[in-house]
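A.B. asks: Okay, so here is start-v1.cif, and as you'll see once you scroll down, it has mmCIF, C-alpha atoms.
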```cif
data_query
loop_
_atom_site.label_atom_id
_atom_site.label_comp_id
_atom_site.auth_asym_id
_atom_site.auth_seq_id
_atom_site.Cartn_x
_atom_site.Cartn_y
_atom_site.Cartn_z
CA MET A 1 194.47 196.41 92.11
CA ASP A 2 194.41 192.67 91.33
CA ALA A 3 192.29 192.09 94.37
CA LEU A 4 189.83 194.74 93.21
CA GLU A 5 189.61 193.14 89.79
CA SER A 6 188.94 189.67 91.23
CA LEU A 7 186.38 191.19 93.58
CA ARG A 8 184.56 192.59 90.59
CA ASN A 9 184.59 189.14 88.92
CA ARG A 10 183.23 187.43 92.00
CA LEU A 11 180.43 189.98 92.37
CA ASN A 12 179.57 189.43 88.75
CA GLN A 13 179.40 185.67 89.36
CA VAL A 14 177.06 186.16 92.31
CA HIS A 15 174.90 188.37 90.17
CA ILE A 16 174.75 185.77 87.41
CA SER A 17 173.90 182.88 89.68
CA LEU A 18 171.21 184.84 91.47
CA ARG A 19 169.69 185.85 88.16
CA LYS A 20 169.79 182.26 86.91
CA LEU A 21 167.97 181.06 89.99
CA SER A 22 165.26 183.70 89.72
CA GLU A 23 164.86 182.96 86.00
CA GLN A 24 164.38 179.28 86.72
CA ILE A 25 161.66 180.00 89.22
CA ASN A 26 159.95 182.59 87.04
CA TYR A 27 160.03 180.26 84.05
CA ALA A 28 158.42 177.50 86.06
CA ASN A 29 155.73 179.92 87.23
CA ARG A 30 154.99 181.22 83.76
CA PHE A 31 154.74 177.87 81.97
CA GLN A 32 153.33 175.75 84.69
CA GLU A 33 152.08 172.94 82.51
CA LYS A 34 155.26 172.72 80.46
CA SER A 35 158.09 172.86 82.93
CA LYS A 36 158.58 171.86 86.51
CA LEU A 37 160.10 173.68 89.44
CA PRO A 38 163.77 172.88 89.97
CA THR A 39 164.16 169.98 92.36
CA TYR A 40 165.28 170.27 95.93
CA GLY A 41 168.72 169.04 94.95
CA GLN A 42 169.13 171.78 92.34
CA PHE A 43 168.21 174.46 94.88
CA GLN A 44 170.70 173.00 97.28
CA ASN A 45 173.41 173.12 94.62
CA GLN A 46 172.65 176.72 93.69
CA PHE A 47 172.67 177.71 97.32
CA HIS A 48 175.99 176.02 97.81
CA ILE A 49 177.51 177.84 94.83
CA LEU A 50 176.25 181.17 96.18
CA LEU A 51 177.73 180.46 99.58
CA THR A 52 181.14 179.64 98.10
CA GLN A 53 181.10 182.80 96.01
CA LEU A 54 180.14 184.98 98.96
CA HIS A 55 182.78 183.31 101.03
CA SER A 56 185.54 184.10 98.57
CA ILE A 57 184.33 187.72 98.40
CA THR A 58 184.57 188.11 102.15
CA ASN A 59 188.01 186.54 102.04
CA ILE A 60 189.26 189.05 99.51
CA ILE A 61 187.80 191.98 101.43
CA GLU A 62 189.24 190.75 104.66
CA ASN A 63 192.75 190.30 103.22
CA ASN A 64 192.76 193.86 101.94
CA GLN A 65 191.04 195.35 104.93
CA GLU A 66 193.77 197.88 105.72
CA ALA A 67 194.14 199.17 102.18
CA LEU A 68 190.42 199.52 101.72
CA ARG A 69 189.95 201.36 104.97
CA ASN A 70 192.78 203.81 104.46
CA SER A 71 192.36 204.68 100.81
CA ASN A 72 189.96 207.23 99.43
CA ALA A 73 188.63 207.34 95.90
CA PHE A 74 188.44 210.59 93.91
CA PRO A 75 186.88 211.21 90.54
CA LEU A 76 189.23 211.99 87.65
CA PRO A 77 189.22 215.63 86.49
CA SER A 78 187.63 214.55 83.21
CA PHE A 79 184.55 213.14 84.98
CA PRO A 80 181.46 215.32 84.36
CA THR A 81 180.89 216.05 88.03
CA THR A 82 178.01 218.48 87.70
CA GLN A 83 175.86 216.33 85.38
CA HIS A 84 176.21 213.13 87.35
CA GLU A 85 176.27 214.34 90.86
CA GLY A 86 173.80 211.71 92.08
CA LEU A 87 175.77 208.88 90.50
CA LEU A 88 179.00 210.24 91.88
CA THR A 89 177.78 210.33 95.46
CA THR A 90 176.50 206.76 95.11
CA LEU A 91 179.79 205.54 93.69
CA LEU A 92 181.95 207.25 96.27
CA ARG A 93 179.89 206.30 99.28
CA LYS A 94 181.94 204.22 101.72
CA LYS A 95 179.52 204.15 104.58
CA PRO A 96 176.83 201.44 104.36
CA LEU A 97 173.30 202.55 103.51
CA PRO A 98 171.05 203.12 106.55
CA GLU A 99 169.06 199.97 105.86
CA VAL A 100 172.24 197.93 105.48
CA GLU A 101 173.42 199.34 108.76
CA THR A 102 170.27 198.10 110.47
CA TRP A 103 170.86 194.66 108.89
CA ILE A 104 174.34 194.56 110.28
CA ASP A 105 173.14 195.64 113.71
CA GLU A 106 170.41 193.04 113.66
CA ALA A 107 172.85 190.30 112.68
CA ILE A 108 175.24 191.28 115.46
CA GLU A 109 172.37 191.38 117.94
CA LYS A 110 171.21 187.91 116.89
CA SER A 111 174.65 186.37 116.99
CA LYS A 112 174.99 187.62 120.57
CA ASP A 113 171.98 185.53 121.57
CA LEU A 114 173.40 182.45 119.86
CA ASN A 115 176.55 182.76 121.90
CA ILE A 116 178.86 181.36 119.22
CA ASN A 117 182.54 181.94 119.35
CA SER A 118 183.85 180.96 115.97
CA GLU A 119 187.49 181.19 116.93
CA ILE A 120 187.11 178.67 119.73
CA ASP A 121 185.08 176.46 117.40
CA ASP A 122 187.80 176.52 114.78
CA GLU A 123 190.46 175.80 117.35
CA PHE A 124 188.45 172.88 118.62
CA CYS A 125 188.12 171.49 115.06
CA GLN A 126 191.85 171.81 114.53
CA TRP A 127 192.52 170.07 117.81
CA CYS A 128 190.16 167.18 116.88
CA LEU A 129 191.86 166.78 113.54
CA SER A 130 195.35 166.67 115.04
CA GLN A 131 194.17 164.21 117.69
CA ILE A 132 192.73 161.89 115.05
CA GLN A 133 195.91 162.05 113.04
CA SER A 134 198.14 161.30 116.04
CA LEU A 135 195.81 158.47 117.10
CA ARG A 136 195.86 156.99 113.64
CA GLU A 137 199.62 156.79 113.65
CA GLU A 138 199.44 154.39 116.57
CA PHE A 139 197.50 151.80 114.59
CA GLN A 140 198.14 149.69 111.57
CA PHE A 141 195.25 148.41 109.51
CA TYR A 142 195.22 144.97 107.89
CA GLY A 143 191.81 143.42 107.22
CA PHE A 144 188.67 143.95 109.28
CA LEU A 145 189.47 142.17 112.53
CA SER A 146 191.36 143.47 115.55
CA THR A 147 194.28 141.53 117.03
CA ASN A 148 192.11 140.39 119.92
CA GLU A 149 189.48 139.03 117.57
CA LEU A 150 192.12 137.18 115.57
CA GLU A 151 193.47 135.61 118.75
CA VAL A 152 189.99 134.45 119.76
CA LEU A 153 189.59 132.87 116.34
CA GLU A 154 192.67 130.73 116.99
CA THR A 155 191.23 129.17 120.16
CA GLU A 156 188.77 126.23 120.27
CA GLN A 157 185.93 128.52 121.25
CA GLY A 158 186.64 130.78 118.29
CA LYS A 159 186.75 127.86 115.87
CA LEU A 160 183.39 126.68 117.11
CA GLU A 161 181.95 130.12 116.61
CA SER A 162 183.19 130.50 113.08
CA GLU A 163 181.86 127.01 112.39
CA LYS A 164 178.47 128.15 113.66
CA LYS A 165 178.56 131.22 111.48
CA LYS A 166 179.26 129.11 108.44
CA GLU A 167 176.37 126.86 109.40
CA ILE A 168 174.01 129.85 109.55
CA GLU A 169 175.30 131.07 106.22
CA ARG A 170 174.70 127.66 104.70
CA GLU A 171 171.16 127.52 106.07
CA LYS A 172 170.46 130.90 104.59
CA GLN A 173 171.74 129.73 101.24
CA ASP A 174 169.59 126.61 101.44
CA TYR A 175 166.56 128.72 102.22
CA GLU A 176 167.22 130.99 99.29
CA PHE A 177 167.81 128.01 97.08
CA LYS A 178 164.39 126.70 98.04
CA ILE A 179 162.80 129.99 97.06
CA THR A 180 164.61 130.43 93.80
CA ASN A 181 164.82 126.74 92.85
CA GLY A 182 168.43 127.52 92.11
CA LYS A 183 167.41 129.60 89.13
CA LYS A 184 168.16 133.11 88.08
CA PRO A 185 165.20 135.37 87.33
CA MET A 186 163.79 134.96 83.87
CA ASN A 187 165.11 137.10 81.10
CA PRO A 188 162.81 140.13 81.01
CA ASN A 189 162.65 139.91 77.24
CA HIS A 190 161.11 136.46 77.42
CA VAL A 191 158.55 137.67 79.93
CA LEU A 192 157.70 140.53 77.59
CA LYS A 193 157.34 138.09 74.72
CA PHE A 194 154.90 136.10 76.79
CA MET A 195 152.97 139.24 77.64
CA PHE A 196 152.80 140.41 74.04
CA GLN A 197 152.48 137.17 72.10
CA GLY A 198 151.09 134.74 74.65
CA LYS A 199 153.85 132.20 74.31
CA LEU A 200 157.29 131.58 75.62
CA GLU A 201 159.25 130.08 72.75
CA MET B 1 147.06 156.25 71.82
CA VAL B 2 150.05 156.60 74.05
CA HIS B 3 153.71 156.55 73.19
CA GLN B 4 155.61 154.57 75.78
CA LEU B 5 159.29 155.00 76.68
CA CYS B 6 160.40 152.00 78.65
CA LEU B 7 163.31 150.23 80.32
CA ILE B 8 163.24 146.80 81.93
CA SER B 9 165.15 144.59 84.29
CA THR B 10 164.75 141.80 86.82
CA ILE B 11 165.17 141.68 90.58
CA GLU B 12 166.32 138.55 92.34
CA PHE B 13 164.22 137.52 95.28
CA SER B 14 166.99 138.24 97.77
CA ASN B 15 167.28 141.83 96.51
CA TYR B 16 163.57 142.53 96.60
CA ILE B 17 163.28 144.13 100.06
CA GLN B 18 166.32 146.30 99.39
CA THR B 19 164.92 147.44 96.07
CA ILE B 20 161.53 148.28 97.54
CA SER B 21 163.08 150.23 100.41
CA THR B 22 165.35 152.11 98.02
CA LEU B 23 162.49 153.02 95.73
CA GLN B 24 160.43 154.13 98.70
CA ALA B 25 163.27 156.36 99.81
CA ILE B 26 163.82 157.81 96.34
CA THR B 27 160.19 158.41 95.49
CA GLY B 28 159.15 159.24 99.04
CA GLN B 29 155.92 157.32 98.76
CA VAL B 30 154.28 154.05 99.64
CA PRO B 31 153.71 151.98 96.50
CA THR B 32 150.26 151.30 95.14
CA SER B 33 149.42 147.76 94.18
CA ILE B 34 148.88 146.32 90.73
CA SER B 35 146.57 143.40 90.30
CA THR B 36 145.39 142.59 86.82
CA TYR B 37 144.18 139.74 84.71
CA SER B 38 144.90 139.69 80.99
CA ILE B 39 143.63 137.66 78.09
CA ILE B 40 145.74 137.50 74.97
CA SER B 41 143.70 136.96 71.85
CA LYS B 42 144.36 136.56 68.17
CA PRO B 43 142.26 137.49 65.17
CA ILE B 44 140.19 134.57 63.93
CA ASN B 45 140.02 135.49 60.29
CA VAL B 46 143.40 135.67 58.67
CA PHE B 47 143.76 138.70 56.47
CA LYS B 48 146.02 138.02 53.55
CA PRO B 49 145.99 140.78 50.99
CA LYS B 50 147.08 139.70 47.54
CA PHE B 51 150.51 141.08 46.91
CA GLU B 52 150.48 143.47 44.02
CA PRO B 53 153.47 145.53 42.98
CA GLY B 54 152.98 149.23 43.47
CA LYS B 55 150.29 148.77 46.06
CA VAL B 56 150.79 149.42 49.73
CA ASN B 57 150.44 146.11 51.50
CA GLN B 58 151.47 147.13 54.93
CA ILE B 59 148.37 146.03 56.72
CA GLU B 60 149.13 143.93 59.73
CA GLN B 61 147.09 141.95 62.17
CA PHE B 62 147.89 142.23 65.85
CA PHE B 63 147.36 140.21 68.97
CA MET B 64 145.00 141.97 71.34
CA LYS B 65 145.29 142.08 75.10
CA SER B 66 142.16 142.43 77.23
CA ILE B 67 142.93 143.57 80.73
CA THR B 68 140.75 143.76 83.79
CA THR B 69 141.30 144.01 87.53
CA TRP B 70 141.89 140.94 89.61
CA ASP B 71 140.88 140.99 93.25
CA GLU B 72 142.85 138.17 94.73
CA ASP B 73 144.75 138.58 97.93
CA ILE B 74 148.27 137.39 97.35
CA ASN B 75 151.15 138.85 99.25
CA ILE B 76 154.02 138.97 96.81
CA ASN B 77 156.42 139.97 99.55
CA ASP B 78 156.44 136.34 100.65
CA PRO B 79 158.24 133.79 98.55
CA ILE B 80 155.97 131.38 96.79
CA ILE B 81 156.99 127.78 97.38
CA ASP B 82 154.74 124.84 96.68
CA LYS B 83 151.69 126.90 97.35
CA GLN B 84 148.52 126.64 95.43
CA PHE B 85 146.66 129.66 94.30
CA THR B 86 143.28 129.69 92.87
CA SER B 87 141.48 132.36 91.05
CA LYS B 88 137.92 132.81 90.01
CA LEU B 89 137.05 132.40 86.38
CA PHE B 90 136.27 135.70 84.77
CA THR B 91 133.66 134.82 82.25
CA GLY B 92 130.23 136.30 82.34
CA GLU B 93 130.83 138.95 84.95
CA ASN B 94 130.07 142.61 84.82
CA LYS B 95 133.51 143.97 84.34
CA ILE B 96 135.44 146.85 82.99
CA TRP B 97 137.81 145.64 80.33
CA THR B 98 140.63 147.47 78.64
CA LEU B 99 141.41 146.36 75.13
CA GLN B 100 144.97 147.00 74.11
CA ILE B 101 146.92 146.65 70.90
CA ALA B 102 150.61 147.45 70.83
CA ASP B 103 152.74 148.33 67.84
CA ILE B 104 156.22 146.90 67.45
CA PRO B 105 158.68 149.30 69.12
CA ILE B 106 160.44 151.75 66.87
CA ALA B 107 163.75 150.57 65.43
CA GLY B 108 166.83 152.72 65.56
CA LYS B 109 170.49 153.03 66.37
CA ASN B 110 171.91 154.27 69.69
CA GLN B 111 168.62 153.95 71.49
CA ILE B 112 168.21 155.08 75.06
CA CYS B 113 165.05 153.17 75.73
CA SER B 114 162.33 151.36 73.84
CA LEU B 115 159.69 153.50 72.13
CA GLN B 116 156.35 151.93 71.44
CA ASN B 117 152.91 153.03 70.40
CA ILE B 118 150.09 151.52 72.39
CA TYR B 119 146.43 151.83 71.48
CA GLU B 120 143.85 151.32 74.17
CA SER B 121 140.17 151.40 74.60
CA THR B 122 138.15 150.81 77.72
CA LEU B 123 134.89 148.98 77.67
CA VAL B 124 132.28 148.47 80.35
CA TYR B 125 130.95 145.04 79.60
CA ASN B 126 127.51 144.81 81.02
CA SER B 127 125.82 141.92 79.36
CA ASN B 128 124.53 139.15 81.57
CA ASP B 129 123.60 136.85 78.71
CA ASN B 130 126.90 136.51 76.96
CA SER B 131 130.29 136.00 78.42
CA PHE B 132 133.12 138.33 77.58
CA LEU B 133 134.76 135.52 75.64
CA GLN B 134 131.68 135.39 73.46
CA PHE B 135 132.04 139.11 72.93
CA LEU B 136 135.66 138.68 71.89
CA ASN B 137 134.56 135.97 69.53
CA ASP B 138 131.97 138.26 67.97
CA LEU B 139 134.68 140.85 67.62
CA GLY B 140 136.70 138.35 65.63
CA TYR B 141 139.24 137.32 68.22
CA GLU B 142 140.01 133.97 69.82
CA VAL B 143 141.73 133.56 73.14
CA ILE B 144 145.18 132.02 72.97
CA ASN B 145 146.52 132.57 76.46
CA GLN B 146 145.99 134.34 79.76
CA PHE B 147 148.05 135.61 82.64
CA TRP B 148 147.68 137.20 86.04
CA ASN B 149 149.84 140.07 87.13
CA LYS B 150 150.52 141.06 90.72
CA GLY B 151 152.88 143.75 91.88
CA LEU B 152 153.66 147.21 93.11
CA ARG B 153 153.80 150.55 91.40
CA PHE B 154 155.88 153.62 92.23
CA PHE B 155 155.66 157.08 90.74
CA TYR B 156 158.83 159.09 90.39
CA GLY B 157 158.22 162.38 88.64
CA ASP B 158 156.82 161.35 85.27
CA ILE B 159 158.25 157.86 85.54
CA VAL B 160 156.10 154.92 86.54
CA ILE B 161 158.05 152.06 88.06
CA GLU B 162 156.31 148.70 88.21
CA ILE B 163 157.59 145.64 90.02
CA TYR B 164 155.58 142.52 89.36
CA LYS B 165 155.26 138.78 89.13
CA ILE B 166 153.35 136.98 86.44
CA PHE B 167 151.14 134.01 87.24
CA ILE B 168 149.92 131.50 84.71
CA ARG B 169 147.43 128.69 84.79
CA ASP B 170 148.87 125.54 86.29
CA ASP B 171 147.75 122.71 84.05
CA GLY B 172 150.14 120.21 85.62
CA GLN B 173 148.39 120.37 88.96
CA GLN B 174 145.08 119.42 87.49
CA GLU B 175 146.38 116.48 85.55
CA GLU B 176 148.06 115.10 88.63
CA ASN B 177 144.86 115.18 90.61
CA PRO B 178 142.18 114.17 88.16
CA ASP B 179 139.75 113.57 91.03
CA ASP B 180 140.01 117.16 92.12
CA MET B 181 139.61 118.49 88.66
CA GLU B 182 135.88 118.24 88.70
CA GLY B 183 135.77 119.93 92.05
CA ILE B 184 137.93 122.74 90.80
CA GLN B 185 135.82 123.31 87.78
CA LYS B 186 132.64 123.17 89.74
CA SER B 187 133.78 125.89 92.04
CA ASP B 188 134.89 128.00 89.08
CA LYS B 189 138.45 128.12 90.23
CA ILE B 190 141.73 127.82 88.40
CA THR B 191 145.01 126.85 89.96
CA LEU B 192 147.82 129.23 89.28
CA LYS B 193 151.58 128.99 89.29
CA LEU B 194 154.41 131.42 88.78
CA LEU B 195 155.63 131.97 85.27
CA ASP B 196 159.09 132.61 86.66
CA GLU B 197 159.86 129.77 89.06
CA SER B 198 162.85 131.52 90.56
CA ASN B 199 160.49 133.80 92.50
CA GLY B 200 162.24 136.70 90.82
CA PHE B 201 160.53 139.96 90.03
CA GLN B 202 160.24 141.85 86.80
CA ILE B 203 160.77 145.58 86.96
CA LYS B 204 159.72 148.05 84.33
CA ALA B 205 160.25 151.81 84.32
CA PHE B 206 158.22 153.70 81.77
CA ILE B 207 156.91 157.10 80.77
CA ASN B 208 153.76 157.53 78.77
CA VAL B 209 153.72 160.40 76.32
CA PRO B 210 150.50 161.46 74.59
CA LYS B 211 152.00 161.87 71.11
CA SER B 212 154.99 160.31 69.38
CA THR B 213 155.62 163.69 67.73
CA ASP B 214 156.06 165.66 70.93
CA LEU B 215 159.85 165.68 70.85
CA ASP B 216 160.32 168.07 73.78
CA ILE B 217 158.54 165.79 76.20
CA ILE B 218 160.20 162.68 74.75
CA ASN B 219 163.65 164.20 75.16
CA GLN B 220 162.82 165.16 78.72
CA GLY B 221 161.64 161.58 79.23
CA TYR B 222 164.97 160.25 77.93
CA LYS B 223 166.80 162.41 80.43
CA ASP B 224 164.59 161.33 83.32
CA LEU B 225 164.98 157.64 82.48
CA VAL B 226 168.75 157.88 82.10
CA LYS B 227 168.93 159.65 85.45
CA LEU B 228 166.89 156.92 87.09
CA GLN B 229 169.03 154.26 85.41
CA ASP B 230 172.11 155.98 86.77
CA ASN B 231 170.66 156.45 90.27
CA LEU B 232 169.74 152.80 90.60
CA LYS B 233 172.82 151.31 88.96
CA GLY B 234 174.38 148.71 91.20
CA LEU B 235 170.94 147.74 92.44
CA VAL B 236 168.87 147.36 89.30
CA LYS B 237 170.49 147.08 85.91
CA PHE B 238 167.96 148.66 83.59
CA GLU B 239 168.19 147.58 79.98
CA ILE B 240 166.51 148.41 76.72
CA PRO B 241 164.07 145.63 75.90
CA ASP B 242 164.59 143.83 72.61
CA ARG B 243 161.96 145.07 70.20
CA ILE B 244 161.66 141.68 68.53
CA PHE B 245 160.28 140.23 71.75
CA MET B 246 157.70 142.99 71.96
CA ASP B 247 156.43 142.40 68.48
CA SER B 248 152.77 141.54 68.69
CA ARG B 249 152.11 141.24 64.98
CA VAL B 250 150.42 137.99 64.07
CA SER B 251 152.54 137.52 60.96
CA SER B 252 155.75 137.66 62.95
CA THR B 253 155.05 134.43 64.76
#
```
Please rewrite the model in this file as structure tokens.

C.D. replies:
Amino acid sequence: MDALESLRNRLNQVHISLRKLSEQINYANRFQEKSKLPTYGQFQNQFHILLTQLHSITNIIENNQEALRNSNAFPLPSFPTTQHEGLLTTLLRKKPLPEVETWIDEAIEKSKDLNINSEIDDEFCQWCLSQIQSLREEFQFYGFLSTNELEVLETEQGKLESEKKKEIEREKQDYEFKITNGKKPMNPNHVLKFMFQGKLE
Amino acid sequence: MVHQLCLISTIEFSNYIQTISTLQAITGQVPTSISTYSIISKPINVFKPKFEPGKVNQIEQFFMKSITTWDEDININDPIIDKQFTSKLFTGENKIWTLQIADIPIAGKNQICSLQNIYESTLVYNSNDNSFLQFLNDLGYEVINQFWNKGLRFFYGDIVIEIYKIFIRDDGQQEENPDDMEGIQKSDKITLKLLDESNGFQIKAFINVPKSTDLDIINQGYKDLVKLQDNLKGLVKFEIPDRIFMDSRVSST
């Protein structure tokens, strides 16, 4: 029962987000000069939200697969069966609509061509993760240099190299100093003052 | 008249390439170039209304900027060290000039950006007899300074982002070489130097809104500018310019 209730909430959420998206697009179409289409990023976000919502719906359905398959729904005696026969058959239908059935078939057909086995994929991901974790345990991280690099730095050769690096760094600084005259850029306010009043002080 | 929402900052020379690449990535476009020459002029006749109680005396005189294009090939990507630039004199040419007068930006608390009214008019100056300076003089304005502007311009939604350097006339050079001075003047050339000797760049992000009363668009502009400010934080630190420095009223100086 709880699962059914949460399923209803999720479906409602999907409905709301889909409607919001379509409203955004319609609004942009109607008032073209006033508003702009949502940006690419916004679409991406909306799409992501929809995916998460659909995902949680499938999760709920999957967890209660047995119960859903084996239970049948009946109208209460107080339901006006004769007046709302059409509605009743729609509500009680458990089989997918013919068009939905063709969708499902199509999707299955397509996934066959792609040759994806999600279970093996997931297993592989898990394996990678565990490998990384076990590998990480074998190392300890201090600073940015490996032990070998630190050892090289201790030798004469290494000292020369670090000396050279410092030299290059210094040259770069000198070059930049030449460009900037050792000054920071001017305060933008003073530049504006010059542009508006024609003088600096 | 336009109403301009604007934020400013500076870019150090060493950060220039990074900034340009970032802006290119964000805006997804190659920048267009800016190249202008501006004359700043001041009214000749001082207007001093007699102060009378009960009478509105809020009539101000403003500096006027006259802007035209400047076709000089300077690559601002390269640092400028001990180089001499020359530019043609602009007088007496057939030119399109834009006359511009700017109000002092609106005062207020908790501002997001500067808000300023700018009045512009474009003029095709076609007289061969008189120079443009003569025209300004007839209009009642005298030239007090000039500057050259070179830079790049990006468009990001409604926001215009300009990165530029300002050049000014280099008087020092001419005094040092008095022999050359005649030569320079004969060839109608002026030596230029950077206003900002650190080779730094000025950056300005602005949105022009047709009316200062169109609050919807202005609010949208605020949002866009704040977003840009946030996106670029760490690279460019956009600030609200001080309105006092943008005051172009004659009486304020």

A.B. asks: Any chance you could tabulate, as CSV, the residues of chain A at most 12 Å from chain B with each one's nearest atom pair and distance in Å to one decimal, using all atoms listed in the file, in chain and rising number order?

C.D. replies:
```
residue,atom,partner,partner_atom,distance
A:Glu33,CA,B:Ile217,CA,11.5
A:Lys34,CA,B:Ile217,CA,8.8
A:Ser35,CA,B:Ile217,CA,9.8
A:Lys36,CA,B:Gly157,CA,9.7
A:Leu37,CA,B:Gly157,CA,11.5
A:Pro38,CA,B:Gly157,CA,12.0
A:Thr39,CA,B:Gly157,CA,10.3
A:Lys172,CA,B:Ser14,CA,10.6
A:Gln173,CA,B:Ser14,CA,10.3
A:Tyr175,CA,B:Pro79,CA,10.4
A:Glu176,CA,B:Ser14,CA,7.4
A:Phe177,CA,B:Ser198,CA,8.9
A:Lys178,CA,B:Ile81,CA,7.5
A:Ile179,CA,B:Pro79,CA,6.1
A:Thr180,CA,B:Ser198,CA,3.8
A:Asn181,CA,B:Ser198,CA,5.7
A:Gly182,CA,B:Ser198,CA,7.0
A:Lys183,CA,B:Ser198,CA,5.2
A:Lys184,CA,B:Ser198,CA,6.1
A:Pro185,CA,B:Gly200,CA,4.8
A:Met186,CA,B:Asp196,CA,5.9
A:Asn187,CA,B:Thr10,CA,7.4
A:Pro188,CA,B:Ser9,CA,6.0
A:Asn189,CA,B:Phe245,CA,6.0
A:His190,CA,B:Phe245,CA,6.9
A:Val191,CA,B:Gln202,CA,8.2
A:Leu192,CA,B:Met246,CA,6.1
A:Lys193,CA,B:Phe245,CA,4.7
A:Phe194,CA,B:Phe245,CA,8.5
A:Met195,CA,B:Phe147,CA,7.9
A:Phe196,CA,B:Ser248,CA,5.5
A:Gln197,CA,B:Ser248,CA,5.6
A:Gly198,CA,B:Asn145,CA,5.4
A:Lys199,CA,B:Asn145,CA,7.6
A:Leu200,CA,B:Leu195,CA,9.8
A:Glu201,CA,B:Thr253,CA,10.0
```

A.B. asks: Calculate how many Å separate atom CA of B:Asp138 from atom CA of B:Pro43, rounding to one decimal.

C.D. replies: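 It comes out at 10.7 Å.
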
A.B. asks: One number please: atom CA of B:Leu5 to atom CA of B:Ala205, in Å, one decimal.

C.D. replies: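 About the pair atom CA of B:Leu5 and atom CA of B:Ala205: they are 8.3 Å apart.
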
A.B. asks: Please indicate the distance in Å from atom CA of A:Lys166 to atom CA of B:Ile17, rounded to one decimal place.

C.D. replies: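 For atom CA of A:Lys166 relative to atom CA of B:Ile17, the distance reads 23.5 Å.
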
A.B. asks: With the PyMOL selection byres ((chain A and resi 92) around 10) as the selection, what would be picked from this file? Answer as a list in words, please.

C.D. replies: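 Against this file, the PyMOL selection byres ((chain A and resi 92) around 10) returns the residues Asn72, Ala73, Phe74, Pro75, Leu87, Leu88, Thr89, Thr90, Leu91, Arg93, Lys94 and Lys95 of chain A.
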
A.B. asks: From the set B:Ser114, B:Thr36, B:Gln61, B:Asn231, which residue has the shortest atom-to-atom contact distance to B:Trp97, counting all atoms listed in the file?

C.D. replies: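 Counting all atoms listed in the file, the residue closest to B:Trp97 is B:Thr36.
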
A.B. asks: List the residues matched by the PyMOL selection byres ((chain B and resi 226) around 12) in the displayed structure as number ranges by chain, ordered by chain and then by residue number.

C.D. replies: B: 5-7, 111-113, 159, 205-207, 219-225, 227-233, 237-240

A.B. asks: Got a sec to resolve the PyMOL selection byres ((chain A and resi 60) around 12) on this structure and send the residues as an MDAnalysis selection string?

C.D. replies: chainID A and resid 1:11 53:59 61:68

A.B. asks: Neighbours of B:Glu120 within 7 Å (all atoms listed in the file; same-chain residues fewer than 4 positions away dropped), as a PDB file with C-alpha atoms, in the frame of the given file?

C.D. replies:
```pdb
ATOM      1  CA  MET B   1     147.060 156.250  71.820  1.00  0.00           C
ATOM      2  CA  THR B  98     140.630 147.470  78.640  1.00  0.00           C
ATOM      3  CA  LEU B  99     141.410 146.360  75.130  1.00  0.00           C
ATOM      4  CA  GLN B 100     144.970 147.000  74.110  1.00  0.00           C
ATOM      5  CA  ILE B 101     146.920 146.650  70.900  1.00  0.00           C
TER       6      ILE B 101
END
```

A.B. asks: In terms of the shortest atom-to-atom distance over all atoms listed in the file, which of B:Val209, B:Ile190, B:Thr68, B:Tyr16 is closest to B:Ile118?

C.D. replies: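 Nearest candidate to B:Ile118 out of B:Val209, B:Ile190, B:Thr68, B:Tyr16: B:Val209.
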
A.B. asks: Some atoms are missing, so please complete stretch 155-160 of chain A with N, CA, C and O atoms and return it as a PDB file, keeping the file's coordinate frame.

C.D. replies:
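Once everything was written out, this is selection-v6.pdb:
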```
ATOM      1  N   THR A 155     191.577 130.114 119.090  1.00  0.00           N
ATOM      2  CA  THR A 155     191.230 129.170 120.160  1.00  0.00           C
ATOM      3  C   THR A 155     190.099 128.242 119.743  1.00  0.00           C
ATOM      4  O   THR A 155     189.444 128.452 118.714  1.00  0.00           O
ATOM      5  N   GLU A 156     189.830 127.207 120.553  1.00  0.00           N
ATOM      6  CA  GLU A 156     188.770 126.230 120.270  1.00  0.00           C
ATOM      7  C   GLU A 156     187.418 126.926 120.174  1.00  0.00           C
ATOM      8  O   GLU A 156     186.653 126.713 119.241  1.00  0.00           O
ATOM      9  N   GLN A 157     187.194 127.778 121.187  1.00  0.00           N
ATOM     10  CA  GLN A 157     185.930 128.520 121.250  1.00  0.00           C
ATOM     11  C   GLN A 157     185.695 129.277 119.940  1.00  0.00           C
ATOM     12  O   GLN A 157     184.615 129.207 119.344  1.00  0.00           O
ATOM     13  N   GLY A 158     186.734 129.968 119.505  1.00  0.00           N
ATOM     14  CA  GLY A 158     186.640 130.780 118.290  1.00  0.00           C
ATOM     15  C   GLY A 158     186.339 129.909 117.085  1.00  0.00           C
ATOM     16  O   GLY A 158     185.525 130.266 116.231  1.00  0.00           O
ATOM     17  N   LYS A 159     186.992 128.733 117.033  1.00  0.00           N
ATOM     18  CA  LYS A 159     186.750 127.860 115.870  1.00  0.00           C
ATOM     19  C   LYS A 159     185.308 127.404 115.826  1.00  0.00           C
ATOM     20  O   LYS A 159     184.687 127.337 114.777  1.00  0.00           O
ATOM     21  N   LEU A 160     184.793 127.094 117.039  1.00  0.00           N
ATOM     22  CA  LEU A 160     183.390 126.680 117.110  1.00  0.00           C
ATOM     23  C   LEU A 160     182.485 127.787 116.595  1.00  0.00           C
ATOM     24  O   LEU A 160     181.540 127.539 115.835  1.00  0.00           O
TER      25      LEU A 160
END
```
